[in-house]
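As provided, coords.pdb (PDB, C-alpha atoms) reads as follows.
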```
ATOM      1  CA  MET A   5       0.000   0.000   0.000
ATOM      2  CA  SER A   6       1.120   3.548  -0.465
ATOM      3  CA  VAL A   7      -0.401   6.729   0.809
ATOM      4  CA  THR A   8       0.562  10.092  -0.499
ATOM      5  CA  GLY A   9      -1.362  13.073   0.755
ATOM      6  CA  THR A  10      -1.549  16.619  -0.441
ATOM      7  CA  ALA A  11      -4.269  19.169  -0.172
ATOM      8  CA  GLU A  12      -5.398  18.293  -3.661
ATOM      9  CA  ALA A  13      -4.698  14.553  -3.590
ATOM     10  CA  THR A  14      -7.376  12.087  -4.424
ATOM     11  CA  ALA A  15      -7.845   9.016  -2.291
ATOM     12  CA  THR A  16      -6.285   6.661  -4.829
ATOM     13  CA  VAL A  17      -3.671   4.411  -3.317
ATOM     14  CA  PRO A  18      -0.979   3.200  -5.733
ATOM     15  CA  ARG A  19      -1.143  -0.514  -6.047
ATOM     16  CA  ASP A  20       2.191  -1.595  -4.812
ATOM     17  CA  SER A  21       4.490   0.308  -2.558
ATOM     18  CA  ARG A  22       6.031  -2.929  -1.392
ATOM     19  CA  GLN A  23       8.478  -2.173  -4.187
ATOM     20  CA  ILE A  24      11.212  -0.108  -2.582
ATOM     21  CA  ALA A  25      12.514   2.923  -4.478
ATOM     22  CA  LEU A  26      16.216   2.588  -5.255
ATOM     23  CA  VAL A  27      17.225   5.573  -3.153
ATOM     24  CA  ASP A  28      15.393   4.128  -0.117
ATOM     25  CA  LEU A  29      16.978   0.742  -0.708
ATOM     26  CA  LEU A  30      20.475   2.162  -1.045
ATOM     27  CA  ASP A  31      20.024   4.267   2.109
ATOM     28  CA  ARG A  32      19.256   1.077   4.012
ATOM     29  CA  LEU A  33      21.650  -1.337   2.343
ATOM     30  CA  LEU A  34      24.589   1.068   2.339
ATOM     31  CA  GLY A  35      23.682   2.633   5.654
ATOM     32  CA  THR A  36      25.099   6.001   4.860
ATOM     33  CA  GLY A  37      22.264   8.166   3.868
ATOM     34  CA  VAL A  38      23.870   7.773   0.478
ATOM     35  CA  VAL A  39      22.423  10.995  -0.756
ATOM     36  CA  ILE A  40      24.642  12.904   1.606
ATOM     37  CA  ALA A  41      27.479  11.855  -0.676
ATOM     38  CA  GLY A  42      29.609  10.480   2.078
ATOM     39  CA  ASP A  43      31.960   7.582   2.036
ATOM     40  CA  VAL A  44      30.955   4.038   2.738
ATOM     41  CA  VAL A  45      33.182   1.527   4.407
ATOM     42  CA  ILE A  46      32.578  -1.998   3.232
ATOM     43  CA  SER A  47      33.736  -4.776   5.445
ATOM     44  CA  LEU A  48      35.123  -7.602   3.384
ATOM     45  CA  ALA A  49      35.207 -10.914   5.214
ATOM     46  CA  GLY A  50      35.155  -8.891   8.432
ATOM     47  CA  VAL A  51      38.835  -8.191   8.060
ATOM     48  CA  ASP A  52      39.559  -6.019   5.101
ATOM     49  CA  LEU A  53      37.961  -2.636   4.825
ATOM     50  CA  VAL A  54      37.145  -1.138   1.499
ATOM     51  CA  GLU A  55      36.407   2.510   1.484
ATOM     52  CA  VAL A  56      34.401   3.777  -1.414
ATOM     53  CA  SER A  57      33.648   7.333  -2.261
ATOM     54  CA  LEU A  58      30.037   7.958  -3.110
ATOM     55  CA  ARG A  59      30.840  11.378  -4.485
ATOM     56  CA  ALA A  60      31.641   9.585  -7.699
ATOM     57  CA  LEU A  61      28.184   8.034  -7.538
ATOM     58  CA  LEU A  62      26.525  11.388  -7.125
ATOM     59  CA  ARG A  63      28.440  12.756 -10.093
ATOM     60  CA  THR A  64      27.250   9.802 -12.141
ATOM     61  CA  VAL A  65      23.660  10.457 -11.162
ATOM     62  CA  GLU A  66      23.891  14.142 -11.952
ATOM     63  CA  HIS A  67      25.353  13.336 -15.311
ATOM     64  CA  GLU A  68      22.582  10.893 -16.125
ATOM     65  CA  GLY A  69      19.880  13.255 -14.996
ATOM     66  CA  SER A  70      18.041  11.146 -12.463
ATOM     67  CA  SER A  71      17.890   7.671 -10.988
TER      68      SER A  71
ATOM     69  CA  MET B   4      37.286 -18.874 -11.789
ATOM     70  CA  ALA B   5      39.086 -18.865  -8.470
ATOM     71  CA  GLU B   6      37.306 -20.103  -5.370
ATOM     72  CA  PRO B   7      34.121 -18.037  -5.124
ATOM     73  CA  GLY B   8      33.338 -15.864  -2.139
ATOM     74  CA  ARG B   9      30.179 -16.136  -0.074
ATOM     75  CA  TYR B  10      27.767 -13.238  -0.349
ATOM     76  CA  LEU B  11      25.712 -13.025   2.858
ATOM     77  CA  TYR B  12      22.227 -11.536   2.376
ATOM     78  CA  ALA B  13      20.639 -11.963   5.773
ATOM     79  CA  VAL B  14      20.484 -14.065   8.879
ATOM     80  CA  CYS B  15      17.221 -15.775   9.784
ATOM     81  CA  ARG B  16      15.758 -18.090  12.336
ATOM     82  CA  GLY B  17      13.723 -21.164  11.553
ATOM     83  CA  LEU B  18      14.287 -21.116   7.817
ATOM     84  CA  THR B  19      14.350 -24.492   6.096
ATOM     85  CA  PRO B  20      16.009 -25.413   2.777
ATOM     86  CA  GLU B  21      12.667 -25.994   1.051
ATOM     87  CA  ALA B  22      11.734 -22.419   1.844
ATOM     88  CA  VAL B  23      14.563 -21.020  -0.287
ATOM     89  CA  ASP B  24      13.998 -23.362  -3.205
ATOM     90  CA  GLY B  25      13.792 -21.264  -6.335
ATOM     91  CA  ILE B  26      15.225 -18.107  -4.791
ATOM     92  CA  VAL B  27      18.120 -16.939  -6.924
ATOM     93  CA  GLY B  28      21.047 -14.922  -5.673
ATOM     94  CA  LEU B  29      23.281 -12.379  -7.355
ATOM     95  CA  GLY B  30      24.814 -13.567 -10.587
ATOM     96  CA  GLY B  31      22.330 -16.410 -10.691
ATOM     97  CA  GLY B  32      23.968 -18.226  -7.796
ATOM     98  CA  ARG B  33      21.903 -20.668  -5.769
ATOM     99  CA  ILE B  34      20.962 -19.600  -2.251
ATOM    100  CA  GLU B  35      22.456 -21.832   0.422
ATOM    101  CA  LEU B  36      21.650 -21.990   4.082
ATOM    102  CA  LEU B  37      24.449 -22.118   6.618
ATOM    103  CA  ALA B  38      23.026 -23.127   9.961
ATOM    104  CA  GLU B  39      24.866 -22.289  13.151
ATOM    105  CA  ASP B  40      22.999 -22.979  16.386
ATOM    106  CA  ASP B  41      19.492 -21.560  15.860
ATOM    107  CA  LEU B  42      20.636 -19.045  13.251
ATOM    108  CA  VAL B  43      20.683 -19.507   9.502
ATOM    109  CA  GLY B  44      22.859 -17.456   7.172
ATOM    110  CA  LEU B  45      21.587 -17.024   3.610
ATOM    111  CA  VAL B  46      24.508 -17.052   1.194
ATOM    112  CA  SER B  47      25.282 -17.551  -2.458
ATOM    113  CA  PRO B  48      28.608 -17.936  -4.270
ATOM    114  CA  VAL B  49      29.973 -14.834  -5.985
ATOM    115  CA  ASP B  50      32.971 -14.223  -8.188
ATOM    116  CA  LEU B  51      35.630 -12.412  -6.208
ATOM    117  CA  ASP B  52      36.795 -10.628  -9.352
ATOM    118  CA  GLU B  53      33.544  -8.741  -9.135
ATOM    119  CA  TYR B  54      32.908  -8.869  -5.387
ATOM    120  CA  GLY B  55      36.393  -8.832  -3.964
ATOM    121  CA  GLU B  56      38.092  -5.727  -2.695
ATOM    122  CA  GLU B  57      39.255  -4.424  -6.058
ATOM    123  CA  GLY B  58      36.031  -5.363  -7.767
ATOM    124  CA  LEU B  59      33.936  -3.611  -5.140
ATOM    125  CA  ARG B  60      36.045  -0.474  -5.324
ATOM    126  CA  ARG B  61      35.268  -0.331  -9.020
ATOM    127  CA  ASN B  62      31.696  -1.458  -8.945
ATOM    128  CA  LEU B  63      30.309   0.382  -5.947
ATOM    129  CA  GLU B  64      30.820   3.640  -7.781
ATOM    130  CA  ARG B  65      28.721   2.548 -10.734
ATOM    131  CA  LEU B  66      25.044   3.237 -10.343
ATOM    132  CA  ASP B  67      24.018   0.467 -12.722
ATOM    133  CA  TRP B  68      26.038  -2.109 -10.800
ATOM    134  CA  LEU B  69      24.790  -0.769  -7.470
ATOM    135  CA  GLU B  70      21.204  -0.932  -8.633
ATOM    136  CA  GLU B  71      21.483  -4.516  -9.798
ATOM    137  CA  ALA B  72      23.244  -5.586  -6.605
ATOM    138  CA  ALA B  73      20.748  -3.780  -4.381
ATOM    139  CA  ARG B  74      17.768  -5.264  -6.221
ATOM    140  CA  GLY B  75      19.264  -8.741  -6.122
ATOM    141  CA  HIS B  76      20.031  -8.429  -2.435
ATOM    142  CA  ASP B  77      16.561  -7.093  -1.697
ATOM    143  CA  ALA B  78      14.898  -9.928  -3.613
ATOM    144  CA  VAL B  79      16.499 -12.479  -1.301
ATOM    145  CA  VAL B  80      15.704 -10.452   1.820
ATOM    146  CA  GLN B  81      12.066  -9.998   0.787
ATOM    147  CA  ALA B  82      11.621 -13.704   0.099
ATOM    148  CA  ALA B  83      13.123 -14.648   3.457
ATOM    149  CA  ALA B  84      11.322 -11.971   5.474
ATOM    150  CA  ALA B  85       7.987 -13.179   4.143
ATOM    151  CA  ILE B  86       8.434 -16.509   5.889
ATOM    152  CA  ALA B  87      10.880 -16.095   8.788
ATOM    153  CA  PRO B  88      12.297 -13.473  11.152
ATOM    154  CA  THR B  89      15.056 -11.869   9.091
ATOM    155  CA  ALA B  90      17.997  -9.604   9.859
ATOM    156  CA  PRO B  91      19.407  -8.238   6.576
ATOM    157  CA  THR B  92      23.085  -7.476   6.110
ATOM    158  CA  ARG B  93      24.616  -4.415   4.484
ATOM    159  CA  LEU B  94      25.209  -4.552   0.781
ATOM    160  CA  ALA B  95      28.389  -6.436  -0.151
ATOM    161  CA  THR B  96      28.934  -8.394   3.056
ATOM    162  CA  ILE B  97      31.205 -11.045   1.666
ATOM    163  CA  PHE B  98      33.191 -13.857   3.215
ATOM    164  CA  PHE B  99      35.911 -16.016   1.779
ATOM    165  CA  ASP B 100      34.295 -19.310   2.760
ATOM    166  CA  ASP B 101      31.494 -21.003   4.696
ATOM    167  CA  ASP B 102      33.582 -21.380   7.832
ATOM    168  CA  ALA B 103      34.069 -17.638   7.992
ATOM    169  CA  VAL B 104      30.301 -17.141   7.804
ATOM    170  CA  ARG B 105      29.666 -19.691  10.538
ATOM    171  CA  ARG B 106      32.332 -18.108  12.721
ATOM    172  CA  ARG B 107      30.579 -14.752  12.336
ATOM    173  CA  LEU B 108      27.212 -16.262  13.268
ATOM    174  CA  ARG B 109      28.765 -17.864  16.352
ATOM    175  CA  GLU B 110      30.560 -14.709  17.450
ATOM    176  CA  ARG B 111      27.543 -12.455  16.969
ATOM    177  CA  HIS B 112      24.898 -14.913  18.098
ATOM    178  CA  ASP B 113      23.440 -12.832  20.912
ATOM    179  CA  ALA B 114      23.316  -9.549  18.996
ATOM    180  CA  ILE B 115      21.748 -11.214  15.983
ATOM    181  CA  SER B 116      19.215 -13.014  18.174
ATOM    182  CA  ALA B 117      18.245  -9.741  19.822
ATOM    183  CA  ALA B 118      17.720  -8.138  16.427
ATOM    184  CA  LEU B 119      15.562 -11.047  15.296
ATOM    185  CA  ASP B 120      13.548 -10.902  18.524
ATOM    186  CA  ARG B 121      12.906  -7.224  17.886
ATOM    187  CA  VAL B 122      11.572  -7.656  14.363
ATOM    188  CA  GLU B 123       9.880 -11.025  14.522
ATOM    189  CA  GLY B 124       6.250 -10.559  13.455
ATOM    190  CA  HIS B 125       6.828  -6.953  12.391
ATOM    191  CA  GLU B 126       7.199  -4.988   9.166
ATOM    192  CA  GLU B 127       8.730  -1.646   8.286
ATOM    193  CA  TRP B 128       6.853   1.377   6.998
ATOM    194  CA  SER B 129       8.615   4.377   5.514
ATOM    195  CA  VAL B 130       7.061   7.789   6.090
ATOM    196  CA  LYS B 131       8.377  11.015   4.639
ATOM    197  CA  VAL B 132       7.034  14.509   5.101
ATOM    198  CA  LEU B 133       7.749  17.126   2.470
ATOM    199  CA  THR B 134       6.853  20.704   1.777
ATOM    200  CA  PRO B 135       4.549  20.911  -1.231
ATOM    201  CA  SER B 136       6.057  21.418  -4.636
ATOM    202  CA  ALA B 137       5.697  24.902  -6.063
ATOM    203  CA  GLU B 138       2.055  25.559  -6.809
ATOM    204  CA  ALA B 139       0.761  26.482 -10.230
ATOM    205  CA  ALA B 140       2.463  29.160 -12.279
ATOM    206  CA  PRO B 141       3.251  32.143 -10.119
ATOM    207  CA  GLU B 142       1.333  35.320 -10.775
ATOM    208  CA  PRO B 143       3.207  37.732 -12.967
ATOM    209  CA  VAL B 144       5.035  40.186 -10.796
ATOM    210  CA  PRO B 145       5.456  43.784 -11.852
ATOM    211  CA  VAL B 146       9.041  44.736 -12.464
ATOM    212  CA  ALA B 147      10.628  45.930  -9.255
ATOM    213  CA  SER B 148      10.691  49.686  -9.156
ATOM    214  CA  SER B 149      14.171  49.794  -7.761
ATOM    215  CA  GLY B 150      17.127  47.691  -6.790
ATOM    216  CA  ALA B 151      16.086  47.966  -3.175
ATOM    217  CA  GLU B 152      12.577  46.815  -4.009
ATOM    218  CA  TYR B 153      14.028  43.837  -5.885
ATOM    219  CA  LEU B 154      16.193  42.854  -2.941
ATOM    220  CA  ARG B 155      13.314  43.296  -0.519
ATOM    221  CA  ARG B 156      11.181  40.991  -2.626
ATOM    222  CA  LYS B 157      13.910  38.374  -2.882
ATOM    223  CA  ARG B 158      14.355  38.522   0.881
ATOM    224  CA  ALA B 159      10.611  38.105   1.402
ATOM    225  CA  GLU B 160      10.560  35.052  -0.865
ATOM    226  CA  HIS B 161      13.481  33.532   1.010
ATOM    227  CA  ASP B 162      11.856  34.213   4.373
ATOM    228  CA  ALA B 163       8.591  32.682   3.184
ATOM    229  CA  ARG B 164      10.424  29.548   2.072
ATOM    230  CA  THR B 165      12.313  29.389   5.340
ATOM    231  CA  THR B 166       9.141  29.927   7.366
ATOM    232  CA  GLY B 167       7.366  27.349   5.247
ATOM    233  CA  GLU B 168      10.092  24.841   5.950
ATOM    234  CA  ARG B 169      10.181  25.635   9.643
ATOM    235  CA  ASP B 170       6.433  25.208   9.842
ATOM    236  CA  ALA B 171       6.693  21.955   7.950
ATOM    237  CA  HIS B 172       9.284  20.733  10.455
ATOM    238  CA  LEU B 173       6.858  21.469  13.294
ATOM    239  CA  VAL B 174       4.077  19.658  11.479
ATOM    240  CA  ALA B 175       6.381  16.720  10.838
ATOM    241  CA  GLU B 176       7.080  16.452  14.555
ATOM    242  CA  ARG B 177       3.360  16.294  15.242
ATOM    243  CA  VAL B 178       2.885  13.675  12.567
ATOM    244  CA  HIS B 179       5.743  11.646  14.025
ATOM    245  CA  GLU B 180       4.320  11.885  17.555
ATOM    246  CA  ALA B 181       0.992  10.595  16.274
ATOM    247  CA  LEU B 182       2.527   7.732  14.323
ATOM    248  CA  VAL B 183       4.744   6.394  17.094
ATOM    249  CA  THR B 184       1.807   5.747  19.401
ATOM    250  CA  GLY B 185       0.925   2.476  17.712
ATOM    251  CA  VAL B 186       4.325   1.149  16.701
ATOM    252  CA  ALA B 187       6.957  -1.074  18.248
ATOM    253  CA  ALA B 188       9.830   1.194  17.263
ATOM    254  CA  SER B 189      10.768   4.091  15.031
ATOM    255  CA  ARG B 190      13.975   5.354  13.552
ATOM    256  CA  ARG B 191      14.754   8.706  12.018
ATOM    257  CA  LEU B 192      16.686   8.652   8.772
ATOM    258  CA  PRO B 193      18.537  11.481   7.054
ATOM    259  CA  PRO B 194      16.444  13.540   4.644
ATOM    260  CA  GLN B 195      17.218  12.593   1.088
ATOM    261  CA  ASP B 196      18.973  14.608  -1.560
ATOM    262  CA  PRO B 197      16.426  15.526  -4.255
ATOM    263  CA  ARG B 198      19.062  14.904  -6.927
ATOM    264  CA  LEU B 199      18.849  11.205  -6.103
ATOM    265  CA  ALA B 200      15.353  10.913  -4.673
ATOM    266  CA  GLY B 201      13.733  13.107  -7.305
ATOM    267  CA  HIS B 202      11.201  14.773  -5.049
ATOM    268  CA  GLN B 203       9.774  18.238  -5.290
ATOM    269  CA  GLY B 204       9.724  20.420  -2.241
ATOM    270  CA  THR B 205      11.926  19.897   0.781
ATOM    271  CA  MET B 206      12.020  16.650   2.696
ATOM    272  CA  VAL B 207      11.619  17.660   6.332
ATOM    273  CA  HIS B 208      11.076  14.220   7.799
ATOM    274  CA  ASN B 209      12.195  10.738   6.828
ATOM    275  CA  ALA B 210      11.553   7.911   9.228
ATOM    276  CA  ALA B 211      10.991   4.181   9.497
ATOM    277  CA  TYR B 212       8.304   2.686  11.694
ATOM    278  CA  LEU B 213       8.210  -0.902  12.951
ATOM    279  CA  VAL B 214       4.618  -2.079  12.766
ATOM    280  CA  GLU B 215       3.223  -5.366  13.980
ATOM    281  CA  ARG B 216       2.058  -7.598  11.173
ATOM    282  CA  GLY B 217      -1.712  -7.443  11.084
ATOM    283  CA  ARG B 218      -1.781  -3.859  12.326
ATOM    284  CA  SER B 219      -0.769  -2.232   9.046
ATOM    285  CA  GLU B 220      -4.369  -1.213   8.238
ATOM    286  CA  GLU B 221      -4.441   0.638  11.529
ATOM    287  CA  PHE B 222      -1.148   2.357  10.718
ATOM    288  CA  VAL B 223      -2.325   3.397   7.268
ATOM    289  CA  ALA B 224      -5.535   4.776   8.787
ATOM    290  CA  LEU B 225      -3.396   6.846  11.140
ATOM    291  CA  VAL B 226      -1.403   8.162   8.184
ATOM    292  CA  HIS B 227      -4.632   9.106   6.394
ATOM    293  CA  GLN B 228      -5.800  10.887   9.533
ATOM    294  CA  GLN B 229      -2.559  12.862   9.716
ATOM    295  CA  THR B 230      -2.790  13.673   6.023
ATOM    296  CA  ASP B 231      -6.250  15.145   6.555
ATOM    297  CA  ALA B 232      -5.125  17.020   9.640
ATOM    298  CA  HIS B 233      -2.151  18.638   7.885
ATOM    299  CA  PRO B 234      -3.023  19.732   4.351
ATOM    300  CA  ASP B 235       0.001  22.024   4.189
ATOM    301  CA  VAL B 236       2.491  19.196   3.853
ATOM    302  CA  VAL B 237       2.912  16.123   1.674
ATOM    303  CA  ILE B 238       3.002  12.822   3.545
ATOM    304  CA  ASP B 239       4.478   9.923   1.597
ATOM    305  CA  ALA B 240       4.042   6.558   3.303
ATOM    306  CA  ARG B 241       5.138   3.240   1.795
ATOM    307  CA  GLY B 242       5.258  -0.336   2.921
ATOM    308  CA  PRO B 243       5.195  -2.908   4.210
ATOM    309  CA  TRP B 244       8.869  -3.617   3.770
ATOM    310  CA  PRO B 245      11.288  -6.031   5.449
ATOM    311  CA  PRO B 246      12.574  -4.461   8.684
ATOM    312  CA  TYR B 247      15.768  -3.060   7.155
ATOM    313  CA  SER B 248      16.023  -0.169   9.580
ATOM    314  CA  PHE B 249      15.524  -2.252  12.697
ATOM    315  CA  ALA B 250      17.556  -5.399  12.245
ATOM    316  CA  MET B 251      20.465  -4.396  10.077
ATOM    317  CA  LEU B 252      23.511  -6.413  10.989
ATOM    318  CA  ASP B 253      25.983  -3.554  10.869
ATOM    319  CA  ASP B 254      29.000  -5.550  11.656
ATOM    320  CA  ALA B 255      27.971  -8.673   9.825
TER     321      ALA B 255
END
```
Please express what this file holds, its structure, as structure tokens.
Amino acid sequence: MSVTGTAEATATVPRDSRQIALVDLLDRLLGTGVVIAGDVVISLAGVDLVEVSLRALLRTVEHEGSS
Amino acid sequence: MAEPGRYLYAVCRGLTPEAVDGIVGLGGGRIELLAEDDLVGLVSPVDLDEYGEEGLRRNLERLDWLEEAARGHDAVVQAAAAIAPTAPTRLATIFFDDDAVRRRLRERHDAISAALDRVEGHEEWSVKVLTPSAEAAPEPVPVASSGAEYLRRKRAEHDARTTGERDAHLVAERVHEALVTGVAASRRLPPQDPRLAGHQGTMVHNAAYLVERGRSEEFVALVHQQTDAHPDVVIDARGPWPPYSFAMLDDA
């Protein structure tokens, strides 16, 4: 179910908001608030740490226009 | 290909092999269950050229790769969460072999169990509050009669936006206070960047709510009520989702 309200909204409820928008999914799976363009540290096998810059990601998105 | 790594999607309790029949992992790999005490890790083999340290460095900065990985990860989590208490892992939680996964499950048993206890029988709802997008075309404004008049007008517009946002923040707090009354837990999340999220207006509230299964109708009714009570903001509620914000295994 999905509910979006505005002053002028109708009562229609979009069929399936079980589908998670990519930005919401990435926020949760990457745990950074990815849109803040921070860095994410990925733990590899609990030992190695891989640090990835998401600024590059944001530049990609800007270049493509939208996600 | 060298020995594949093990991509860990989530840890569950009470999941049986038949339950994951037909669920496909990233790269088409078969989902395997690694049981350790009462916990079950959901894994699939992945190519370390793609999912090893160097591969991840490359791939995590590509939106198309990220999207495919996130969707694939989510598909496994959704399938598991539908049938068993599930604690998802962060994207790209990869181990070199099964023993390493089992060791992790043993070492983190109590923390993982607590997370599963918290979310068992519950689902996540996402609720965002935004200021409305700009209304219909603005009325034509007569040319400012002077530079000072122009600046005054610009300042007034800025103040109106700022006031509008401040008011929306206050409304969002009221909405949040109303929503938490019926939920097991809530978690505030950072507002999203419109360049990625694509929304109009300003996001003044972004939160996750942990709702007991079977009480989602009640929660949605509460959202509707808040929507009616606050016509000056946009309330965007979606769900039910797996409890990503309440059982994430951060150190998995």
Exercise. Hey, what's within 6 Å of Asn209 (chain B) if we count all atoms listed in the file and toss same-chain stuff fewer than 4 positions away? As a list in words, please?
Worked result: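 Counting only the stated atoms, we get Val130, Lys131, Leu192 and Pro194 of chain B.
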Considering all atoms listed in the file, state which residue in the set B:Thr89, B:Thr205, B:Gln81, B:Thr19 is at the smallest distance from Leu36 (chain B).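 Between B:Thr89, B:Thr205, B:Gln81, B:Thr19, the residue approaching Leu36 (chain B) most closely is B:Thr19.
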Check your understanding: What residues come out when you apply the ChimeraX specification (/A :<8) & /B to this file, written as a PyMOL selection string?
Key -> chain B and resi 55-56+59-60+63-66+70+73+77+92-99+103+135+192-196+198-201+223+226-227+230-231+234-244+247-248+254-255
Write the residues you've just listed into a file as a PDB file, in the coordinates of the input, and include C-alpha atoms for each of them.
```
ATOM      1  CA  GLY B  55      36.393  -8.832  -3.964  1.00  0.00           C
ATOM      2  CA  GLU B  56      38.092  -5.727  -2.695  1.00  0.00           C
ATOM      3  CA  LEU B  59      33.936  -3.611  -5.140  1.00  0.00           C
ATOM      4  CA  ARG B  60      36.045  -0.474  -5.324  1.00  0.00           C
ATOM      5  CA  LEU B  63      30.309   0.382  -5.947  1.00  0.00           C
ATOM      6  CA  GLU B  64      30.820   3.640  -7.781  1.00  0.00           C
ATOM      7  CA  ARG B  65      28.721   2.548 -10.734  1.00  0.00           C
ATOM      8  CA  LEU B  66      25.044   3.237 -10.343  1.00  0.00           C
ATOM      9  CA  GLU B  70      21.204  -0.932  -8.633  1.00  0.00           C
ATOM     10  CA  ALA B  73      20.748  -3.780  -4.381  1.00  0.00           C
ATOM     11  CA  ASP B  77      16.561  -7.093  -1.697  1.00  0.00           C
ATOM     12  CA  THR B  92      23.085  -7.476   6.110  1.00  0.00           C
ATOM     13  CA  ARG B  93      24.616  -4.415   4.484  1.00  0.00           C
ATOM     14  CA  LEU B  94      25.209  -4.552   0.781  1.00  0.00           C
ATOM     15  CA  ALA B  95      28.389  -6.436  -0.151  1.00  0.00           C
ATOM     16  CA  THR B  96      28.934  -8.394   3.056  1.00  0.00           C
ATOM     17  CA  ILE B  97      31.205 -11.045   1.666  1.00  0.00           C
ATOM     18  CA  PHE B  98      33.191 -13.857   3.215  1.00  0.00           C
ATOM     19  CA  PHE B  99      35.911 -16.016   1.779  1.00  0.00           C
ATOM     20  CA  ALA B 103      34.069 -17.638   7.992  1.00  0.00           C
ATOM     21  CA  PRO B 135       4.549  20.911  -1.231  1.00  0.00           C
ATOM     22  CA  LEU B 192      16.686   8.652   8.772  1.00  0.00           C
ATOM     23  CA  PRO B 193      18.537  11.481   7.054  1.00  0.00           C
ATOM     24  CA  PRO B 194      16.444  13.540   4.644  1.00  0.00           C
ATOM     25  CA  GLN B 195      17.218  12.593   1.088  1.00  0.00           C
ATOM     26  CA  ASP B 196      18.973  14.608  -1.560  1.00  0.00           C
ATOM     27  CA  ARG B 198      19.062  14.904  -6.927  1.00  0.00           C
ATOM     28  CA  LEU B 199      18.849  11.205  -6.103  1.00  0.00           C
ATOM     29  CA  ALA B 200      15.353  10.913  -4.673  1.00  0.00           C
ATOM     30  CA  GLY B 201      13.733  13.107  -7.305  1.00  0.00           C
ATOM     31  CA  VAL B 223      -2.325   3.397   7.268  1.00  0.00           C
ATOM     32  CA  VAL B 226      -1.403   8.162   8.184  1.00  0.00           C
ATOM     33  CA  HIS B 227      -4.632   9.106   6.394  1.00  0.00           C
ATOM     34  CA  THR B 230      -2.790  13.673   6.023  1.00  0.00           C
ATOM     35  CA  ASP B 231      -6.250  15.145   6.555  1.00  0.00           C
ATOM     36  CA  PRO B 234      -3.023  19.732   4.351  1.00  0.00           C
ATOM     37  CA  ASP B 235       0.001  22.024   4.189  1.00  0.00           C
ATOM     38  CA  VAL B 236       2.491  19.196   3.853  1.00  0.00           C
ATOM     39  CA  VAL B 237       2.912  16.123   1.674  1.00  0.00           C
ATOM     40  CA  ILE B 238       3.002  12.822   3.545  1.00  0.00           C
ATOM     41  CA  ASP B 239       4.478   9.923   1.597  1.00  0.00           C
ATOM     42  CA  ALA B 240       4.042   6.558   3.303  1.00  0.00           C
ATOM     43  CA  ARG B 241       5.138   3.240   1.795  1.00  0.00           C
ATOM     44  CA  GLY B 242       5.258  -0.336   2.921  1.00  0.00           C
ATOM     45  CA  PRO B 243       5.195  -2.908   4.210  1.00  0.00           C
ATOM     46  CA  TRP B 244       8.869  -3.617   3.770  1.00  0.00           C
ATOM     47  CA  TYR B 247      15.768  -3.060   7.155  1.00  0.00           C
ATOM     48  CA  SER B 248      16.023  -0.169   9.580  1.00  0.00           C
ATOM     49  CA  ASP B 254      29.000  -5.550  11.656  1.00  0.00           C
ATOM     50  CA  ALA B 255      27.971  -8.673   9.825  1.00  0.00           C
TER      51      ALA B 255
END
```
Next item on the list: Could you tell me how far CA of Ala232 (chain B) lies from CA of Glu220 (chain B), in Å and to one decimal?
Entry: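 Atom-to-atom, CA of Ala232 (chain B) to CA of Glu220 (chain B), that is 18.3 Å.
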The distance between CA of Glu126 (chain B) and CA of Pro246 (chain B) is 5.4 Å
Exercise for the section: Kindly resolve the PyMOL selection byres ((chain B and resi 116) around 12) on the present coordinates and return the residues as JSON, numbers by chain. Expected result: {"B": [14, 15, 16, 17, 39, 40, 41, 42, 43, 88, 89, 90, 108, 109, 110, 111, 112, 113, 114, 115, 117, 118, 119, 120, 121, 122, 123, 250, 251, 252]}
Check: In Å, with one decimal, what is the gap from CA of His202 (chain B) to CA of His172 (chain B)?
Finding: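 Atom-to-atom, CA of His202 (chain B) and CA of His172 (chain B) are spaced 16.7 Å apart.
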